[in-house]
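Below is one structure, written out as structure tokens, with a few remarks after it.
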Amino acid sequence: MAIDRRSFLLGTIAFVGSAPLGRAFAAGASEVAFVSAARRAGGDFCVLLLRADGTVVREVPLSGRGHDIAIHRLSGRVAVFARRPGTFAVAFDLRSATPPHIITASEGRHYYGHGAFSGDGRLLYASENDIEGERGVIGIYDVARNYKKIGEHSSYGVGPHEILLLADGKTLAVGNGGLDTVPDAGRVNLNLDSMEPSLALVDAASGKLIAKHAMTGDLKSLSIRHVTEDAAGLIWFGGQWEGAPSETPQIVGSAGRDRELRLIAPPASGAPDLRGYIGSMAVSADGRIIAASAPKAGHILYVDSQTAKVISQSALKDVCGIAPEGVEDFAASNGFGVVRYETPRASIISEVELRDIAFDNHLRRVV
Amino acid sequence: MTLQQTAKIALSILALLAHAAVSEAAEPPSHTAIVQAAIEKHVIPHIDALKEAAAQLPGAVASMCRTGSAAAKEDLSSRFRNVVKAYAGIDFLRFGPMLEGGRRERLSFWPDPRGFVGRQLRLILLNKDEAVVQPGAIAKQSVAVQGLSALEGLMTDKEFPLGPGEALRYRCELAEAIAANIVSVADEISDGWEKPGGWKDKMLHPGADNDTYKSPEESAGEFVKALLVGLSLTADLQLKPQVKPGVKLVPPFQKSGLQKAFYASSVESLRSLYDALDLEDYLAPDKDWIKNWTGGAWRAIESSDGVGGRARRAPRNDAPPLREVFDKMNGLRKLVIGEMSVAAGLTVGFNELDGD
């Protein structure tokens, strides 16, 4: 099937209109390949469920800008979180068009745009800010009780961003950005000179800290934002450099339960500057290739997880969403409505552009 | 008049008419010209203004500490005001030399919803560590106590106003150290832009060998982003707390009564950059409504004093409601993103403007 689709789109740029809401609801969930938050040309925000060819199966409207999407593939549950410092999340079922659940952050908390379902799909975890306490927490929501908040774990840092349930089904990897923000002051970072970013591994059931890898010394300004896990169980992160641009280090790296943080080897000279920001991370279906998107630079960096060396860099303006495709290829989306399939050697397989759509930071593969 | 002469005159008239037509349909500026105009008409004058205003600060602080007189106080307030106004003019140029070494936060630590400036200042004043006030040492302290926000705290402390005497000695030494640091940071920013091979040269000479800007489009795009950042910051941090219930944020330099001055300088600088970029020139004739709309939007923005009243040299006769000013500023931002930058070939992506 993948070959058919590629053959259809190979070497072409197809311009397609996105399906209107009413028709979309009639489509089957089995068609859904990707989910992404997006903005319509008129300025409205939504979540789009997309077919593999980029056309829209279904659209769920949002009251504000969304960010990432947590998916529990077995049950078909999906939750999209408001972008920092938003206070809403919307949960719905991929397989039916029943009205979505609106989840609201509890008093004194806001979301950071990310979350993850537990392995059995009964709980939803969300990265949250304890605004008054100046600390990060992992909110725990009971799916069966209409996503009622039933508790919190510490994130063991400030400004938790992406949360990832690791392959063991028991451990949450949390990228603690280290940046303190207060919603009234918008998105302004308040503690740039005292930030303490870290990657925390937290036991999902007990909330106990399993391991914490902190950025120190020259790297203390590298805010850890996005994470993914490779086939060997290493956690790969993409960061946002908050220090002097002239001192920007490599901003992609990895760590393990018992292995300290390591940054990737610098790519060959002349490689494009990533502008100090990775917007999304993904791992290939075979778990060997890491993809990191850099929207400010308009590049995707492909890294061999076994050697920690850069394989290639592809160029796509405003690219941010990135998701696995096939065995080792990837799908990428950008703010101009483009969904592109490409190989980790930066060879374009196909590209489709949706009119009047701007895809937000994250593109998630459903199946 | 011969037939030949008549023909010559007719041809001359035709040539004149043709020339006039060409002049009216002026070509929009190239991306290189945009960068040049933004640097020469906006960046350098505003950076120079900050450098010049900052240079006056240490003397005024020293005079205040030496005499404690009303005249010295007035002089210090006036010079402080000038630096705050000049800073507001470059606050949104958050790239290049402003980003290096946390210079922006070192100059002004606002917004400060956690009250870091007060907390850090109290700590320093409690410990009275002589090492902190040695030349250059304040630059190693928290950014919250290095700049204008901390100096404002010391200048407006009614219980311990700056002046002569042993009881105020440490405060004064701290104030003088902060003033010197402000000069130093302003000089660094100016140097970063203007020195040979500095940021000005980097933006004016994009290319394959340039580590930041590979094309004139990228250099010009940086200024479009700066304009958008400035419009967002002014709308969200200065206006929104006044128009949206529940948003609580202390206005900039409120203790020294400079909220209006800060707004006026922000707007003046944004308008100056907007004009320098000339993005409206790229709009197709059928988009004339945008020019009309932006004209009205700027009139509303410039007629407001930023707190609900009418600006001094307001182009409008009334005081535009803050809600209207807020909406117009956001509308302007949307038109720059959705229409003008697109027409200019400087499209700003949905994801690249602000990382998360």
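FYI, nothing fancy with the structure tokens labels: chains A, B, ... in order, residues from 1 per chain, ligands from 1 as they appear.
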
Restrict the distance test to only C-alpha atoms, flag each residue of chain B within 9 Å of chain A, and return the flagged residues as a VMD selection string.
chain B and resid 95 to 97 99 to 102 105 109 to 114 116 142 to 143 208 to 209 211 to 212 233 236 to 237 241 246 to 249 338 348 to 356

N, CA, C and O atoms of the current selection, written as a short mmCIF file (atom, residue, chain, number, x, y, z; two decimals), in the first residue's frame:
```cif
data_model
loop_
_atom_site.label_atom_id
_atom_site.label_comp_id
_atom_site.auth_asym_id
_atom_site.auth_seq_id
_atom_site.Cartn_x
_atom_site.Cartn_y
_atom_site.Cartn_z
N PHE B 95 17.63 39.66 18.49
CA PHE B 95 18.50 38.78 17.71
C PHE B 95 19.88 39.43 17.69
O PHE B 95 20.06 40.57 18.09
N GLY B 96 20.85 38.67 17.22
CA GLY B 96 22.20 39.21 17.08
C GLY B 96 22.78 39.71 18.40
O GLY B 96 22.67 39.03 19.42
N PRO B 97 23.37 40.90 18.38
CA PRO B 97 24.07 41.40 19.57
C PRO B 97 23.20 41.51 20.82
O PRO B 97 23.70 41.45 21.93
N LEU B 99 21.06 39.31 21.78
CA LEU B 99 20.92 37.97 22.35
C LEU B 99 22.21 37.49 23.02
O LEU B 99 22.17 36.68 23.94
N GLU B 100 23.33 37.98 22.53
CA GLU B 100 24.61 37.53 23.07
C GLU B 100 24.73 37.92 24.55
O GLU B 100 24.44 39.06 24.93
N GLY B 101 25.17 36.99 25.34
CA GLY B 101 25.45 37.30 26.74
C GLY B 101 24.26 37.79 27.53
O GLY B 101 24.44 38.49 28.54
N GLY B 102 23.05 37.45 27.11
CA GLY B 102 21.85 37.87 27.86
C GLY B 102 21.74 39.38 27.99
O GLY B 102 21.25 39.91 28.99
N GLU B 105 18.19 41.06 28.86
CA GLU B 105 17.77 40.91 30.25
C GLU B 105 18.68 41.70 31.19
O GLU B 105 18.24 42.18 32.22
N PHE B 109 15.06 44.01 33.22
CA PHE B 109 14.45 42.75 33.64
C PHE B 109 12.95 42.98 33.85
O PHE B 109 12.45 43.12 34.96
N TRP B 110 12.26 43.06 32.76
CA TRP B 110 10.81 43.23 32.76
C TRP B 110 10.25 42.41 31.60
O TRP B 110 10.85 42.44 30.52
N PRO B 111 9.15 41.70 31.79
CA PRO B 111 8.29 41.61 32.99
C PRO B 111 8.95 40.80 34.11
O PRO B 111 9.80 39.96 33.85
N ASP B 112 8.50 41.06 35.31
CA ASP B 112 9.09 40.42 36.48
C ASP B 112 7.98 39.95 37.43
O ASP B 112 7.88 40.43 38.57
N PRO B 113 7.12 39.03 36.96
CA PRO B 113 5.97 38.64 37.79
C PRO B 113 6.36 37.91 39.07
O PRO B 113 5.57 37.86 40.01
N ARG B 114 7.56 37.37 39.13
CA ARG B 114 8.00 36.67 40.34
C ARG B 114 8.70 37.62 41.32
O ARG B 114 9.11 37.21 42.39
N PHE B 116 11.72 39.00 40.98
CA PHE B 116 13.14 38.65 41.12
C PHE B 116 14.00 39.88 41.43
O PHE B 116 14.94 39.80 42.21
N SER B 142 23.13 38.05 39.31
CA SER B 142 21.89 37.75 38.59
C SER B 142 21.58 38.87 37.60
O SER B 142 21.77 40.06 37.91
N VAL B 143 21.07 38.50 36.42
CA VAL B 143 20.73 39.54 35.43
C VAL B 143 19.68 40.50 35.97
O VAL B 143 19.60 41.66 35.55
N ALA B 208 26.78 32.12 1.08
CA ALA B 208 27.12 30.76 1.48
C ALA B 208 28.12 30.74 2.64
O ALA B 208 28.08 29.85 3.50
N ASP B 209 29.01 31.73 2.68
CA ASP B 209 30.04 31.74 3.73
C ASP B 209 29.53 32.38 5.02
O ASP B 209 30.22 32.34 6.04
N ASP B 211 27.59 32.56 8.31
CA ASP B 211 27.09 31.48 9.18
C ASP B 211 25.65 31.70 9.64
O ASP B 211 25.05 30.80 10.22
N THR B 212 25.08 32.87 9.40
CA THR B 212 23.70 33.12 9.86
C THR B 212 22.74 33.41 8.71
O THR B 212 21.63 32.88 8.69
N LEU B 233 4.90 41.84 21.59
CA LEU B 233 5.31 42.22 22.94
C LEU B 233 4.53 43.44 23.43
O LEU B 233 4.08 43.48 24.58
N ASP B 236 0.81 42.28 23.94
CA ASP B 236 0.58 41.28 25.00
C ASP B 236 1.06 41.72 26.38
O ASP B 236 0.47 41.36 27.39
N LEU B 237 2.16 42.45 26.43
CA LEU B 237 2.71 42.79 27.75
C LEU B 237 2.31 44.19 28.22
O LEU B 237 2.18 44.43 29.42
N PRO B 241 -2.74 43.34 29.69
CA PRO B 241 -3.12 43.37 31.11
C PRO B 241 -4.17 44.44 31.42
O PRO B 241 -4.85 44.35 32.44
N GLY B 246 -8.29 39.53 34.52
CA GLY B 246 -7.59 38.36 35.05
C GLY B 246 -6.10 38.35 34.75
O GLY B 246 -5.35 37.63 35.40
N VAL B 247 -5.66 39.13 33.75
CA VAL B 247 -4.22 39.18 33.46
C VAL B 247 -3.59 40.25 34.34
O VAL B 247 -3.94 41.42 34.25
N LYS B 248 -2.69 39.82 35.19
CA LYS B 248 -2.07 40.77 36.12
C LYS B 248 -0.58 40.89 35.81
O LYS B 248 0.15 39.91 35.91
N LEU B 249 -0.18 42.06 35.45
CA LEU B 249 1.24 42.29 35.17
C LEU B 249 1.56 43.76 35.48
O LEU B 249 0.88 44.66 34.99
N GLY B 338 0.20 37.63 7.15
CA GLY B 338 -0.63 36.99 6.12
C GLY B 338 -0.62 37.66 4.76
O GLY B 338 -0.90 37.01 3.75
N VAL B 348 6.80 34.47 6.74
CA VAL B 348 7.23 33.96 8.04
C VAL B 348 6.38 32.75 8.38
O VAL B 348 5.16 32.82 8.39
N GLY B 349 7.02 31.62 8.64
CA GLY B 349 6.29 30.39 8.90
C GLY B 349 5.60 30.39 10.25
O GLY B 349 5.94 31.16 11.15
N PHE B 350 4.63 29.49 10.36
CA PHE B 350 3.81 29.35 11.56
C PHE B 350 4.67 28.90 12.75
O PHE B 350 4.46 29.30 13.87
N ASN B 351 5.65 28.07 12.47
CA ASN B 351 6.43 27.45 13.54
C ASN B 351 7.76 28.13 13.82
O ASN B 351 8.34 27.96 14.88
N GLU B 352 8.28 28.90 12.86
CA GLU B 352 9.64 29.41 13.00
C GLU B 352 9.72 30.69 13.83
O GLU B 352 10.79 31.09 14.27
N LEU B 353 8.56 31.35 14.03
CA LEU B 353 8.59 32.65 14.69
C LEU B 353 8.94 32.53 16.16
O LEU B 353 9.67 33.34 16.72
N ASP B 354 8.41 31.50 16.80
CA ASP B 354 8.56 31.41 18.24
C ASP B 354 8.64 29.94 18.63
O ASP B 354 7.68 29.22 18.50
N GLY B 355 9.78 29.51 19.07
CA GLY B 355 9.96 28.10 19.39
C GLY B 355 9.18 27.65 20.61
O GLY B 355 8.85 28.45 21.46
N ASP B 356 8.88 26.36 20.65
CA ASP B 356 8.23 25.81 21.84
C ASP B 356 8.52 24.31 21.94
O ASP B 356 8.92 23.69 21.00
#
```

Contacts of His110 (chain A) at 6 Å or less, counting only C-alpha atoms, minus same-chain residues fewer than 3 places along, as a PyMOL selection string?
chain A and resi 85-87+105+128-129

Convert the current residue selection to file output with N, CA, C and O atoms, as an mmCIF file, in the first residue's frame.
```cif
data_model
loop_
_atom_site.group_PDB
_atom_site.id
_atom_site.type_symbol
_atom_site.label_atom_id
_atom_site.label_comp_id
_atom_site.auth_asym_id
_atom_site.auth_seq_id
_atom_site.Cartn_x
_atom_site.Cartn_y
_atom_site.Cartn_z
ATOM 1 N N PRO A 85 1.162 28.922 27.226
ATOM 2 C CA PRO A 85 0.702 28.461 28.530
ATOM 3 C C PRO A 85 -0.816 28.244 28.550
ATOM 4 O O PRO A 85 -1.522 28.776 29.413
ATOM 5 N N GLY A 86 -1.326 27.457 27.631
ATOM 6 C CA GLY A 86 -2.769 27.229 27.542
ATOM 7 C C GLY A 86 -3.279 26.372 28.695
ATOM 8 O O GLY A 86 -2.512 25.707 29.401
ATOM 9 N N THR A 87 -4.593 26.376 28.863
ATOM 10 C CA THR A 87 -5.174 25.650 29.998
ATOM 11 C C THR A 87 -6.219 24.626 29.554
ATOM 12 O O THR A 87 -7.007 24.170 30.367
ATOM 13 N N ALA A 105 -7.190 22.658 32.804
ATOM 14 C CA ALA A 105 -6.118 22.592 33.812
ATOM 15 C C ALA A 105 -6.665 23.033 35.165
ATOM 16 O O ALA A 105 -7.511 23.935 35.245
ATOM 17 N N GLU A 128 2.738 19.893 33.211
ATOM 18 C CA GLU A 128 2.034 21.071 33.734
ATOM 19 C C GLU A 128 2.969 21.942 34.563
ATOM 20 O O GLU A 128 3.982 21.480 35.077
ATOM 21 N N ASN A 129 2.555 23.198 34.694
ATOM 22 C CA ASN A 129 3.302 24.156 35.506
ATOM 23 C C ASN A 129 2.552 24.416 36.811
ATOM 24 O O ASN A 129 1.382 24.791 36.787
#
```

Just want the 8 Å neighbourhood of region 59-75 of chain B, counted on only C-alpha atoms, with same-chain residues fewer than 5 positions away dropped. Output as a PyMOL selection string.
chain B and resi 162-164+172+175-176+179

Excluding Val307 (chain B) and any residue of its chain fewer than 6 positions from it, enumerate the residues within 12 Å of it, using only C-alpha atoms, and give them as a list of chain:residue names.
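The residues satisfying every condition are B:Gln238, B:Leu239, B:Lys240, B:Pro241, B:Gln242, B:Val243, B:Pro251, B:Pro252, B:Gln254, B:Gly257, B:Leu258, B:Gln259, B:Lys260, B:Ala261, B:Phe262, B:Tyr263, B:Ala264, B:Ile301, B:Ala319, B:Pro320, B:Pro321, B:Leu322, B:Arg323, B:Val325, B:Phe326.
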
Please return, as a count of residues only, all residues of region 183-254 of chain A that DSSP assigns to helix (DSSP H, G or I) on the basis of the backbone.
9

B:Glu222, B:Asp48, B:Asp327, B:Asp288: which is nearest Arg94 (chain B), counting only C-alpha atoms?
B:Glu222
